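Here's the structure we're looking at; comments come further down.
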Amino acid sequence: MEKEIENIIQQAIGSDIDLNEYINCDLIEEGIMDSLSFIILIQNIEDKFNIEISPTQVPPDVWRSVKKIKELIYKRMEEANEK
Amino acid sequence: MLLDDILKVFEENKNNIAYRNEKYEVSYSTLYKYVCNLYNYLNAINLEKKIAKIIVYGNKDVTMITSFLACSFAGITYIPVDSSISKERLNNIIKLSNADLIISTIDEEICNVNNIDVISFSVLKNIIKKTENIQLIPLMKEDDVYYIIFTSGTTGVPKGVEVTYKNLNSFIYWFVDIIKHKYDNVLNQAPFSFDLSVADIYYSLSVGSTLVTYGSSIYEGLYKYFIYLKNSHINMIVCTPTFIELLLCDKYFNNENFSDLKILFFCGEVLRNDIVKKIYERFRNIRIINSYGPTECTVAVTSIELNKNIITKDIPIGKEKTNTNIHIVDKENNILKDGQVGEILIVGDSVAKDYINFNSNNFIDFCGRHGYLTGDIGYKLDNEIYYVSRKDEQIKYKGYRIELKDIEKNLYNLKYINKAIVKANKDKYGKVVNINAYIVLNDKNIIKKDIEKRLLDVLPKYMIPKIFILDEIPINKNGKSFIL
């Protein structure tokens with residue numbers, strides 16, 4: 001599961017890039033998270049895990065960090081399972 | 001002409017809002033005062049020293065619109081440059097355009113190597129606030145260059161497209177005509193240095209609507225942005241398909257929350273039918289217009305109003321605009337039959353004058369009329385025009401037009417680069433998802449970050465590729481480099 005989530009984030013911010021390089025970086029500040037990355041990320045999360053994310057309902061800081069994006073996906077998946 | 005119409009709008013809409021952003025709004029009467037003051041100031045310096053071209057630098061502030069109009073009324077060409085651009089690229093544009101003056105609309109010092117005169121933001125603010133009684137008289141003539149927009153060039157040097165007052169008139173009258181109604185709140189998406197913004201800026205000004213802009217980055221708070229759009233009662237959006245895809249990512253972008261939204265105008269990228277389908281699912285009665293046009297032909301030259309029957313097919317770019325003809329031609333510029341695929345040639349009133357700094361074979365004389373060979377491949381069928389692809393390595397990425405050769409040339413300008421190949425990585429729809437640069441170095445001590453940093457000095461951020469450092473570029477049997 002961890003690997004799949006990482007793959008999705010990787011695809012969104014540019015393929016073939018080692019995520020560890022981005023662990024401590026601010027994705028928005030560095031210009032990595034932009035319109036296209038955003039679209040790919042949200043669409044992939046919905047397609048692969050069948051969970052819905054409305055970006056406006058997510059604290060904006062989440063999109064700055066790889067760690068927080070991971071946490072968000074886990075949290076939403078748990079919520080979906082409970083239902 | 002357009003400027004006469006704008007004068008009328010100023011007269012008839014004094015109390016209406018002309019411009020709004022997330023921080024403030026400006027009425028038509030205030031904007032009028034701003035424009036008059038700057039116009040007066042420019043005319044005064046024009047008497048001492050002839051001013052032909054002015055760079056207007058900034059990020060969507062109302063003083064940018066003020067400067068555009070003041071220049072236009074004073075008969076001076078303006079060159080919009082977005083402040084997201086690197087310093088070196090700005091200096092490049094200063095040199096290439098041979099501009100006489102820069103108006104800065106942001107609080108930031110401009111270091112320009114050419115030492116041309118600058119009206120700083122603080123000086124500008126003092127100029128526009130005066131309360132003298134001035135009359136605006138349009139001095140711009142039909143064949144004068146109204147604006148110059150710089151776009152990516154294959155040689156690694158940006159190309160400046162000269163659009164005349166006549167070009168702009170022809171576009172805006174047609175545009176107002178296809179939009180049909182007056183929509184009060186018009187959302188601008190594109191930076192003012194991108195010619196798509198010409199559509200929303202001059203539509204609003206010529207019908208008396210409010211231009212709604214947003215200067216901050218929307219990723220820093222999408223919720224804030226949605227609330228802003230909602231409170232601005234957006235009726236019309238002029239944007240690229242990528243932008244709508246971004247809004248559609250959120251299920252709250254729907255008819256319930258955005259009940260004032262009535263029309264979407266698309267240009268700048270291929271509009272896919274899955275996007276259109278999604279829009280109709282969320283907004284049942286919305287009008288959708290697709291269009292097509294290169295900067296060299298003044299924003300857009302075709303249009304089609306979609307309906308729900310179109311979404312199962314490839315979406316056409318539509319029919320040609322008034323006073324402009326589109327031909328599909330072969331290599332000898334012979335007109336091809338319906339259904340045959342060839343290069344899209346645009347002829348007529350929309351075709352810009354020329355490039356300011358570049359000799360091109362693409363501007364041609366076609367049977368006594370001014371024409372432009374677009375480099376786009378397409379065909380005509382049942383009176384509609386369809387776009388197929390590019391014939392060269394120009395791509396659309398995040399809505400921006402980019403020459404891959406432009407990136408390659410700038411990489412080769414770095415001494416430690418031995419070989420560089422730049423490729424666009426596309427998804428199953430053919431949409432570019434990222435740009436990759438494969439590089440062989442002369443100096444093994446150089447790392448990716450060094451290259452990225454140097455590129456950022458000369459290229460806009462959206463043109464920075466993902467960098468892959470290789471020991472050598474793989475070669476295939478035919479001796480061609482073999483990547484992906």
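By order of appearance in the structure tokens: chains A, B, ..., then residues from 1 within every chain, and ligands from 1 in the order shown.
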
(message) Based on only C-alpha atoms, which of the residues in chain A come within 6 Å of chain B? I want them as a PyMOL selection string.
(response) chain A and resi 39+54-56+60

(message) When you look at range 33-38 of chain A with a cut-off of 6 Å (counting only C-alpha atoms), what residues show up, excluding the ones that are within fewer than 3 positions of it in the same chain? I need them as a list in words.
(response)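 Within the cut-off, the hits are Ala12, Ile13, Leu27, Ile28 and Leu41 of chain A.
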
Given the selection you just returned, output its residues as a file containing all heavy atoms, formatted as an mmCIF file, in the first residue's frame.
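See part_7.cif below for the written result:
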data_model
loop_
_atom_site.group_PDB
_atom_site.id
_atom_site.type_symbol
_atom_site.label_atom_id
_atom_site.label_comp_id
_atom_site.auth_asym_id
_atom_site.auth_seq_id
_atom_site.Cartn_x
_atom_site.Cartn_y
_atom_site.Cartn_z
ATOM 1 N N ALA A 12 2.563 12.270 -9.917
ATOM 2 C CA ALA A 12 2.030 13.632 -9.941
ATOM 3 C C ALA A 12 3.141 14.672 -10.023
ATOM 4 O O ALA A 12 3.019 15.655 -10.742
ATOM 5 C CB ALA A 12 1.157 13.878 -8.717
ATOM 6 N N ILE A 13 4.227 14.436 -9.287
ATOM 7 C CA ILE A 13 5.262 15.478 -9.272
ATOM 8 C C ILE A 13 6.360 15.233 -10.291
ATOM 9 O O ILE A 13 7.360 15.934 -10.321
ATOM 10 C CB ILE A 13 5.849 15.709 -7.855
ATOM 11 C CG1 ILE A 13 6.587 14.468 -7.352
ATOM 12 C CG2 ILE A 13 4.760 16.098 -6.883
ATOM 13 C CD1 ILE A 13 7.178 14.652 -5.960
ATOM 14 N N LEU A 27 6.531 21.696 -1.346
ATOM 15 C CA LEU A 27 6.206 21.425 -2.753
ATOM 16 C C LEU A 27 5.641 22.657 -3.472
ATOM 17 O O LEU A 27 5.853 22.831 -4.666
ATOM 18 C CB LEU A 27 5.200 20.278 -2.847
ATOM 19 C CG LEU A 27 5.650 18.910 -2.313
ATOM 20 C CD1 LEU A 27 4.525 17.905 -2.428
ATOM 21 C CD2 LEU A 27 6.872 18.399 -3.068
ATOM 22 N N ILE A 28 4.925 23.503 -2.747
ATOM 23 C CA ILE A 28 4.348 24.690 -3.393
ATOM 24 C C ILE A 28 5.421 25.758 -3.606
ATOM 25 O O ILE A 28 5.566 26.305 -4.687
ATOM 26 C CB ILE A 28 3.152 25.244 -2.587
ATOM 27 C CG1 ILE A 28 1.994 24.243 -2.671
ATOM 28 C CG2 ILE A 28 2.713 26.602 -3.118
ATOM 29 C CD1 ILE A 28 0.784 24.579 -1.848
ATOM 30 N N LEU A 41 -2.617 14.240 -9.355
ATOM 31 C CA LEU A 41 -2.675 13.675 -8.011
ATOM 32 C C LEU A 41 -4.111 13.347 -7.608
ATOM 33 O O LEU A 41 -4.421 12.227 -7.218
ATOM 34 C CB LEU A 41 -2.044 14.650 -7.009
ATOM 35 C CG LEU A 41 -1.982 14.177 -5.564
ATOM 36 C CD1 LEU A 41 -1.013 13.013 -5.440
ATOM 37 C CD2 LEU A 41 -1.561 15.295 -4.627
#

(message) Between CA of Met64 in chain B and CA of Tyr228 in chain B, what distance in Å does the model show, to one decimal?
(response)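 A separation of 21.2 Å between them.
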
(message) With only C-alpha atoms as the counted atoms, please give the residues lying no more than 12 Å from Asp26 in chain A, apart from itself and same-chain residues fewer than 3 positions off, as a list in words.
(response) Glu21, Tyr22, Ile23, Glu29, Glu30, Gly31, Ile32, Met33, Asp61, Val62, Trp63, Arg64, Ser65, Val66, Lys67, Lys68 and Ile69 of chain A; Glu220 of chain B

Would you export the selected residues with all heavy atoms as a compact mmCIF listing (two decimals), in the first residue's frame, please?
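The new file selection01.txt reads:
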# COMPACT_ATOMS: atom_id res chain seq x y z
N GLU A 21 14.03 12.58 -2.08
CA GLU A 21 14.60 13.90 -2.38
C GLU A 21 13.65 15.02 -1.96
O GLU A 21 14.05 16.16 -1.78
CB GLU A 21 14.82 14.04 -3.90
CG GLU A 21 16.19 13.59 -4.37
CD GLU A 21 16.39 13.88 -5.84
OE1 GLU A 21 16.13 15.03 -6.26
OE2 GLU A 21 16.77 12.95 -6.57
N TYR A 22 12.36 14.67 -1.88
CA TYR A 22 11.35 15.71 -1.65
C TYR A 22 10.75 15.68 -0.25
O TYR A 22 9.83 16.41 0.04
CB TYR A 22 10.24 15.58 -2.68
CG TYR A 22 10.71 15.93 -4.06
CD1 TYR A 22 11.13 14.95 -4.96
CD2 TYR A 22 10.79 17.26 -4.45
CE1 TYR A 22 11.59 15.28 -6.21
CE2 TYR A 22 11.25 17.60 -5.70
CZ TYR A 22 11.66 16.61 -6.58
OH TYR A 22 12.11 16.95 -7.81
N ILE A 23 11.28 14.78 0.60
CA ILE A 23 10.68 14.58 1.91
C ILE A 23 10.61 15.87 2.72
O ILE A 23 9.60 16.18 3.33
CB ILE A 23 11.44 13.46 2.68
CG1 ILE A 23 10.97 12.09 2.18
CG2 ILE A 23 11.28 13.55 4.17
CD1 ILE A 23 9.50 11.76 2.37
N GLU A 29 6.19 25.98 -2.53
CA GLU A 29 7.27 26.97 -2.59
C GLU A 29 8.25 26.65 -3.73
O GLU A 29 8.68 27.52 -4.47
CB GLU A 29 8.04 26.97 -1.26
CG GLU A 29 8.78 28.24 -1.00
CD GLU A 29 7.92 29.27 -0.29
OE1 GLU A 29 6.71 29.35 -0.51
OE2 GLU A 29 8.48 29.98 0.50
N GLU A 30 8.56 25.37 -3.89
CA GLU A 30 9.52 24.95 -4.90
C GLU A 30 8.89 24.88 -6.29
O GLU A 30 9.57 24.53 -7.26
CB GLU A 30 10.10 23.57 -4.55
CG GLU A 30 10.88 23.52 -3.26
CD GLU A 30 12.27 24.14 -3.40
OE1 GLU A 30 12.91 23.92 -4.43
OE2 GLU A 30 12.70 24.86 -2.48
N GLY A 31 7.61 25.14 -6.37
CA GLY A 31 6.94 25.13 -7.67
C GLY A 31 6.70 23.73 -8.22
O GLY A 31 6.44 23.55 -9.40
N ILE A 32 6.79 22.72 -7.34
CA ILE A 32 6.60 21.34 -7.81
C ILE A 32 5.11 21.02 -7.88
O ILE A 32 4.62 20.41 -8.82
CB ILE A 32 7.32 20.35 -6.87
CG1 ILE A 32 8.83 20.60 -6.96
CG2 ILE A 32 7.00 18.91 -7.24
CD1 ILE A 32 9.62 20.03 -5.82
N MET A 33 4.37 21.47 -6.88
CA MET A 33 2.92 21.26 -6.90
C MET A 33 2.28 22.43 -7.66
O MET A 33 2.22 23.54 -7.17
CB MET A 33 2.41 21.17 -5.45
CG MET A 33 0.98 20.70 -5.32
SD MET A 33 0.63 19.15 -6.15
CE MET A 33 1.33 17.98 -5.00
N ASP A 61 -2.12 23.60 3.64
CA ASP A 61 -0.75 23.20 3.96
C ASP A 61 -0.42 21.77 3.55
O ASP A 61 0.74 21.44 3.34
CB ASP A 61 -0.52 23.34 5.48
CG ASP A 61 0.14 24.67 5.78
OD1 ASP A 61 0.31 25.45 4.82
OD2 ASP A 61 0.47 24.90 6.95
N VAL A 62 -1.47 20.94 3.45
CA VAL A 62 -1.26 19.52 3.10
C VAL A 62 -0.51 19.38 1.79
O VAL A 62 0.40 18.57 1.66
CB VAL A 62 -2.61 18.78 3.02
CG1 VAL A 62 -2.45 17.41 2.38
CG2 VAL A 62 -3.22 18.64 4.41
N TRP A 63 -0.85 20.24 0.82
CA TRP A 63 -0.27 20.10 -0.52
C TRP A 63 1.21 20.52 -0.56
O TRP A 63 1.87 20.40 -1.58
CB TRP A 63 -1.07 20.91 -1.55
CG TRP A 63 -2.52 20.65 -1.44
CD1 TRP A 63 -3.49 21.51 -1.05
CD2 TRP A 63 -3.20 19.39 -1.68
NE1 TRP A 63 -4.72 20.90 -1.02
CE2 TRP A 63 -4.57 19.60 -1.41
CE3 TRP A 63 -2.79 18.12 -2.09
CZ2 TRP A 63 -5.53 18.59 -1.54
CZ3 TRP A 63 -3.73 17.11 -2.22
CH2 TRP A 63 -5.08 17.35 -1.95
N ARG A 64 1.70 21.00 0.57
CA ARG A 64 3.10 21.44 0.60
C ARG A 64 4.05 20.28 0.88
O ARG A 64 5.23 20.39 0.64
CB ARG A 64 3.30 22.48 1.71
CG ARG A 64 2.64 23.79 1.41
CD ARG A 64 2.88 24.78 2.54
NE ARG A 64 2.16 26.02 2.28
CZ ARG A 64 2.63 26.99 1.54
NH1 ARG A 64 3.82 26.90 1.01
NH2 ARG A 64 1.92 28.08 1.34
N SER A 65 3.52 19.18 1.44
CA SER A 65 4.46 18.17 1.92
C SER A 65 4.06 16.75 1.52
O SER A 65 2.90 16.37 1.60
CB SER A 65 4.61 18.31 3.45
OG SER A 65 4.24 17.13 4.10
N VAL A 66 5.06 15.99 1.11
CA VAL A 66 4.85 14.60 0.71
C VAL A 66 4.24 13.82 1.88
O VAL A 66 3.30 13.05 1.72
CB VAL A 66 6.19 13.96 0.27
CG1 VAL A 66 6.04 12.47 0.09
CG2 VAL A 66 6.68 14.61 -1.01
N LYS A 67 4.78 14.06 3.09
CA LYS A 67 4.34 13.34 4.27
C LYS A 67 2.85 13.60 4.53
O LYS A 67 2.08 12.69 4.79
CB LYS A 67 5.19 13.81 5.46
CG LYS A 67 5.03 12.98 6.71
CD LYS A 67 6.10 13.33 7.76
CE LYS A 67 5.58 13.02 9.14
NZ LYS A 67 5.25 14.21 9.93
N LYS A 68 2.46 14.86 4.43
CA LYS A 68 1.07 15.21 4.72
C LYS A 68 0.11 14.67 3.67
O LYS A 68 -1.02 14.30 3.97
CB LYS A 68 0.92 16.73 4.85
CG LYS A 68 1.46 17.24 6.16
CD LYS A 68 1.18 18.71 6.35
CE LYS A 68 1.66 19.16 7.71
NZ LYS A 68 1.90 20.60 7.75
N ILE A 69 0.55 14.61 2.43
CA ILE A 69 -0.30 14.05 1.38
C ILE A 69 -0.53 12.57 1.66
O ILE A 69 -1.65 12.07 1.59
CB ILE A 69 0.33 14.25 -0.03
CG1 ILE A 69 0.43 15.73 -0.36
CG2 ILE A 69 -0.50 13.54 -1.10
CD1 ILE A 69 1.20 16.05 -1.63
N GLU B 220 -2.10 27.88 -2.80
CA GLU B 220 -1.86 28.18 -1.40
C GLU B 220 -3.17 28.17 -0.61
O GLU B 220 -3.18 28.26 0.59
CB GLU B 220 -1.13 29.51 -1.26
CG GLU B 220 0.32 29.34 -1.62
CD GLU B 220 1.07 30.64 -1.70
OE1 GLU B 220 0.59 31.65 -1.17
OE2 GLU B 220 2.14 30.64 -2.33

(request) May I have the residues within 10 Å of Ile45 in chain A as a PyMOL selection string, using only C-alpha atoms and disregarding those fewer than 6 positions away in the same chain? (result) chain A and resi 5+8-9+51-53+73

Excluding Cys71 in chain B and its own-chain neighbours fewer than 5 positions away, which residues fall within 12 Å of it when counting only C-alpha atoms? Please give them as a compact mmCIF listing (two decimals) with N, CA and C atoms, in the first residue's frame.
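part_16.txt written:
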# COMPACT_ATOMS: atom_id res chain seq x y z
N LEU B 3 -11.12 51.81 -29.00
CA LEU B 3 -10.86 52.84 -27.99
C LEU B 3 -12.02 53.84 -27.87
N VAL B 35 -6.30 56.39 -15.96
CA VAL B 35 -5.85 56.33 -17.35
C VAL B 35 -5.53 57.75 -17.86
N CYS B 36 -6.45 58.70 -17.57
CA CYS B 36 -6.25 60.09 -18.02
C CYS B 36 -4.92 60.65 -17.51
N ASN B 37 -4.65 60.42 -16.21
CA ASN B 37 -3.43 60.97 -15.62
C ASN B 37 -2.17 60.39 -16.25
N LEU B 38 -2.17 59.09 -16.43
CA LEU B 38 -0.97 58.47 -17.00
C LEU B 38 -0.82 58.85 -18.48
N TYR B 39 -1.96 58.93 -19.17
CA TYR B 39 -1.98 59.35 -20.58
C TYR B 39 -1.36 60.75 -20.72
N ASN B 40 -1.78 61.62 -19.82
CA ASN B 40 -1.28 62.98 -19.81
C ASN B 40 0.23 63.02 -19.57
N TYR B 41 0.66 62.21 -18.62
CA TYR B 41 2.08 62.13 -18.26
C TYR B 41 2.91 61.61 -19.45
N LEU B 42 2.39 60.56 -20.09
CA LEU B 42 3.12 59.97 -21.23
C LEU B 42 3.18 60.95 -22.40
N ASN B 43 2.08 61.64 -22.64
CA ASN B 43 2.07 62.63 -23.73
C ASN B 43 3.11 63.73 -23.48
N ASN B 46 6.49 62.39 -24.15
CA ASN B 46 6.56 62.11 -25.58
C ASN B 46 6.94 63.37 -26.38
N ILE B 51 8.53 58.47 -27.60
CA ILE B 51 8.41 57.13 -27.00
C ILE B 51 7.58 56.26 -27.91
N ALA B 52 8.14 55.16 -28.35
CA ALA B 52 7.40 54.28 -29.26
C ALA B 52 6.87 53.04 -28.55
N LYS B 53 7.70 52.49 -27.62
CA LYS B 53 7.32 51.21 -26.99
C LYS B 53 7.58 51.25 -25.50
N ILE B 54 6.62 50.71 -24.74
CA ILE B 54 6.76 50.67 -23.29
C ILE B 54 6.53 49.26 -22.77
N ILE B 55 7.42 48.78 -21.92
CA ILE B 55 7.21 47.49 -21.26
C ILE B 55 6.37 47.73 -20.01
N VAL B 56 5.28 46.99 -19.89
CA VAL B 56 4.45 47.09 -18.68
C VAL B 56 4.68 45.79 -17.90
N THR B 63 -3.14 48.70 -12.10
CA THR B 63 -2.25 49.67 -12.75
C THR B 63 -1.67 49.11 -14.05
N MET B 64 -1.71 47.80 -14.21
CA MET B 64 -1.28 47.21 -15.48
C MET B 64 -2.31 47.55 -16.56
N ILE B 65 -3.60 47.37 -16.23
CA ILE B 65 -4.68 47.73 -17.17
C ILE B 65 -4.62 49.23 -17.46
N THR B 66 -4.41 50.02 -16.40
CA THR B 66 -4.28 51.47 -16.56
C THR B 66 -3.18 51.79 -17.58
N ILE B 76 1.01 54.64 -28.13
CA ILE B 76 2.28 53.97 -27.83
C ILE B 76 2.04 52.46 -27.73
N THR B 77 2.94 51.67 -28.31
CA THR B 77 2.85 50.21 -28.23
C THR B 77 3.21 49.75 -26.83
N TYR B 78 2.42 48.84 -26.25
CA TYR B 78 2.84 48.30 -24.96
C TYR B 78 3.26 46.84 -25.08
N ILE B 79 4.15 46.43 -24.17
CA ILE B 79 4.67 45.07 -24.15
C ILE B 79 4.41 44.50 -22.75
N PRO B 80 3.40 43.65 -22.58
CA PRO B 80 3.11 43.13 -21.24
C PRO B 80 4.12 42.05 -20.85
N LEU B 101 10.92 52.58 -22.43
CA LEU B 101 10.54 52.86 -21.05
C LEU B 101 9.94 51.60 -20.42
N ILE B 102 10.10 51.46 -19.09
CA ILE B 102 9.40 50.38 -18.38
C ILE B 102 8.48 51.02 -17.36
N ILE B 103 7.24 50.55 -17.31
CA ILE B 103 6.36 50.92 -16.21
C ILE B 103 6.28 49.71 -15.30
N LEU B 136 -9.39 62.41 -22.76
CA LEU B 136 -8.73 61.33 -23.49
C LEU B 136 -9.08 61.42 -24.96
N ILE B 137 -8.05 61.48 -25.80
CA ILE B 137 -8.29 61.43 -27.24
C ILE B 137 -7.47 60.28 -27.81
N PRO B 138 -8.11 59.31 -28.46
CA PRO B 138 -7.34 58.17 -28.99
C PRO B 138 -6.38 58.61 -30.09
N LEU B 139 -5.08 58.39 -29.86
CA LEU B 139 -4.07 58.76 -30.86
C LEU B 139 -3.59 57.55 -31.67
N MET B 140 -4.00 56.36 -31.24
CA MET B 140 -3.59 55.13 -31.93
C MET B 140 -4.24 55.06 -33.30
N ASP B 144 -1.00 51.03 -36.56
CA ASP B 144 0.00 51.07 -35.49
C ASP B 144 0.03 49.74 -34.75
N VAL B 145 1.20 49.41 -34.21
CA VAL B 145 1.30 48.19 -33.39
C VAL B 145 0.72 48.51 -32.02
N TYR B 146 -0.32 47.77 -31.65
CA TYR B 146 -1.05 48.03 -30.40
C TYR B 146 -0.31 47.40 -29.21
N TYR B 147 0.04 46.12 -29.36
CA TYR B 147 0.85 45.48 -28.32
C TYR B 147 1.85 44.50 -28.95

(message) Using only C-alpha atoms for the distances, tell me which of A:Lys83, A:Met77, A:Asn24, A:Glu71 is nearest to Phe49 in chain A.
(response) A:Met77

Enumerate as a compact mmCIF listing (two decimals) with N, CA, C and O atoms, in the first residue's frame all residues of range 215-351 of chain B assigned to helix (DSSP H, G or I) by DSSP on the backbone, naming them with the chain letters and numbers the document uses.
# COMPACT_ATOMS: atom_id res chain seq x y z
N ILE B 218 -3.17 30.14 -6.43
CA ILE B 218 -4.40 29.48 -5.96
C ILE B 218 -4.11 28.20 -5.17
O ILE B 218 -4.93 27.75 -4.41
N TYR B 219 -2.91 27.63 -5.33
CA TYR B 219 -2.60 26.39 -4.62
C TYR B 219 -2.34 26.62 -3.15
O TYR B 219 -2.35 25.70 -2.35
N GLU B 220 -2.10 27.88 -2.80
CA GLU B 220 -1.86 28.18 -1.40
C GLU B 220 -3.17 28.17 -0.61
O GLU B 220 -3.18 28.26 0.59
N LEU B 222 -6.99 26.76 -2.04
CA LEU B 222 -8.03 26.58 -3.04
C LEU B 222 -9.40 26.96 -2.47
O LEU B 222 -10.26 27.48 -3.17
N TYR B 223 -9.57 26.72 -1.16
CA TYR B 223 -10.84 27.06 -0.53
C TYR B 223 -11.09 28.56 -0.61
O TYR B 223 -12.16 29.01 -0.99
N LYS B 224 -10.03 29.33 -0.30
CA LYS B 224 -10.11 30.79 -0.36
C LYS B 224 -10.47 31.24 -1.77
O LYS B 224 -11.27 32.16 -1.98
N TYR B 225 -9.86 30.59 -2.75
CA TYR B 225 -10.10 30.94 -4.15
C TYR B 225 -11.55 30.67 -4.55
O TYR B 225 -12.20 31.51 -5.18
N PHE B 226 -12.06 29.51 -4.13
CA PHE B 226 -13.46 29.17 -4.45
C PHE B 226 -14.42 30.19 -3.84
O PHE B 226 -15.37 30.62 -4.48
N ILE B 227 -14.17 30.57 -2.59
CA ILE B 227 -15.02 31.55 -1.91
C ILE B 227 -14.96 32.89 -2.67
O ILE B 227 -15.98 33.55 -2.88
N TYR B 228 -13.76 33.24 -3.10
CA TYR B 228 -13.59 34.49 -3.85
C TYR B 228 -14.40 34.46 -5.15
O TYR B 228 -15.11 35.40 -5.49
N LEU B 229 -14.32 33.33 -5.86
CA LEU B 229 -15.07 33.19 -7.12
C LEU B 229 -16.57 33.29 -6.84
O LEU B 229 -17.31 33.94 -7.57
N LYS B 230 -17.00 32.61 -5.79
CA LYS B 230 -18.42 32.58 -5.45
C LYS B 230 -18.91 34.00 -5.11
O LYS B 230 -19.93 34.45 -5.63
N ASN B 231 -18.14 34.68 -4.26
CA ASN B 231 -18.54 36.04 -3.86
C ASN B 231 -18.45 37.04 -5.01
O ASN B 231 -19.04 38.11 -4.94
N PRO B 241 -8.29 24.76 -21.04
CA PRO B 241 -8.92 23.55 -20.50
C PRO B 241 -8.27 23.06 -19.21
O PRO B 241 -8.96 22.59 -18.30
N THR B 242 -6.94 23.19 -19.09
CA THR B 242 -6.26 22.74 -17.86
C THR B 242 -6.81 23.43 -16.63
O THR B 242 -6.98 22.83 -15.58
N PHE B 243 -7.14 24.70 -16.76
CA PHE B 243 -7.65 25.46 -15.63
C PHE B 243 -9.00 24.90 -15.16
O PHE B 243 -9.24 24.73 -13.97
N ILE B 244 -9.87 24.60 -16.12
CA ILE B 244 -11.18 24.05 -15.75
C ILE B 244 -11.02 22.66 -15.15
O ILE B 244 -11.73 22.29 -14.21
N GLU B 245 -10.06 21.89 -15.68
CA GLU B 245 -9.80 20.57 -15.10
C GLU B 245 -9.43 20.70 -13.63
O GLU B 245 -9.85 19.90 -12.81
N LEU B 246 -8.65 21.72 -13.34
CA LEU B 246 -8.24 21.96 -11.96
C LEU B 246 -9.47 22.26 -11.09
O LEU B 246 -9.64 21.71 -10.01
N LEU B 247 -10.36 23.14 -11.56
CA LEU B 247 -11.55 23.47 -10.78
C LEU B 247 -12.45 22.24 -10.64
O LEU B 247 -13.05 22.01 -9.59
N LEU B 248 -12.51 21.43 -11.70
CA LEU B 248 -13.37 20.24 -11.69
C LEU B 248 -12.88 19.16 -10.73
O LEU B 248 -13.64 18.29 -10.34
N ASN B 273 -13.05 15.73 -24.97
CA ASN B 273 -14.48 15.55 -24.71
C ASN B 273 -14.79 15.05 -23.29
O ASN B 273 -15.88 15.29 -22.79
N ASP B 274 -13.83 14.39 -22.65
CA ASP B 274 -14.13 13.97 -21.27
C ASP B 274 -14.24 15.16 -20.31
O ASP B 274 -15.00 15.12 -19.34
N ILE B 275 -13.51 16.24 -20.64
CA ILE B 275 -13.63 17.45 -19.81
C ILE B 275 -15.01 18.07 -20.03
O ILE B 275 -15.71 18.45 -19.09
N VAL B 276 -15.41 18.14 -21.32
CA VAL B 276 -16.71 18.74 -21.65
C VAL B 276 -17.84 17.96 -20.98
O VAL B 276 -18.78 18.54 -20.43
N LYS B 277 -17.72 16.63 -21.01
CA LYS B 277 -18.74 15.78 -20.40
C LYS B 277 -18.88 16.10 -18.91
O LYS B 277 -19.98 16.26 -18.39
N LYS B 278 -17.74 16.21 -18.25
CA LYS B 278 -17.75 16.52 -16.82
C LYS B 278 -18.41 17.88 -16.55
O LYS B 278 -19.15 18.03 -15.58
N ILE B 279 -18.11 18.85 -17.41
CA ILE B 279 -18.70 20.18 -17.21
C ILE B 279 -20.23 20.10 -17.30
O ILE B 279 -20.93 20.62 -16.45
N TYR B 280 -20.71 19.40 -18.34
CA TYR B 280 -22.17 19.29 -18.50
C TYR B 280 -22.82 18.53 -17.34
O TYR B 280 -23.96 18.80 -16.98
N GLU B 281 -22.08 17.58 -16.75
CA GLU B 281 -22.63 16.86 -15.59
C GLU B 281 -22.84 17.80 -14.40
O GLU B 281 -23.80 17.67 -13.66
N ARG B 282 -21.91 18.75 -14.27
CA ARG B 282 -22.01 19.66 -13.12
C ARG B 282 -22.88 20.89 -13.40
O ARG B 282 -23.47 21.45 -12.51
N THR B 295 -0.81 33.19 -31.08
CA THR B 295 -0.58 34.59 -30.74
C THR B 295 -0.37 35.43 -32.01
O THR B 295 -0.78 36.59 -32.06
N GLU B 296 0.23 34.82 -33.04
CA GLU B 296 0.51 35.51 -34.31
C GLU B 296 -0.77 35.89 -35.05
O GLU B 296 -0.73 36.62 -36.04
N CYS B 297 -1.92 35.35 -34.63
CA CYS B 297 -3.19 35.69 -35.28
C CYS B 297 -4.20 36.23 -34.27
O CYS B 297 -5.40 35.98 -34.39
N LYS B 308 -24.64 19.24 -26.15
CA LYS B 308 -24.42 17.92 -25.51
C LYS B 308 -24.21 16.80 -26.52
O LYS B 308 -23.70 15.74 -26.17
N ASN B 309 -24.60 17.00 -27.79
CA ASN B 309 -24.41 15.95 -28.80
C ASN B 309 -22.95 15.81 -29.23
O ASN B 309 -22.56 14.81 -29.81
N ILE B 310 -22.18 16.85 -28.96
CA ILE B 310 -20.80 16.86 -29.45
C ILE B 310 -19.87 16.01 -28.59
O ILE B 310 -18.86 15.54 -29.04
N ILE B 311 -20.28 15.73 -27.36
CA ILE B 311 -19.30 15.15 -26.43
C ILE B 311 -18.88 13.72 -26.74
O ILE B 311 -17.93 13.23 -26.18
N THR B 312 -19.53 13.04 -27.65
CA THR B 312 -19.09 11.68 -27.97
C THR B 312 -18.00 11.70 -29.04
O THR B 312 -17.35 10.71 -29.28

(request) Please identify all polymer residues within 7 Å of range 367-374 of chain B, counting only C-alpha atoms, omitting same-chain residues fewer than 6 positions from it, and present them as an MDAnalysis selection string. (result) chainID B and resid 344:348 351

(request) Take CA of Asp260 in chain B and CA of His181 in chain B and report the distance between them in Å, one decimal. (result)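 According to the coordinates, CA of Asp260 in chain B and CA of His181 in chain B are separated by 14.0 Å.
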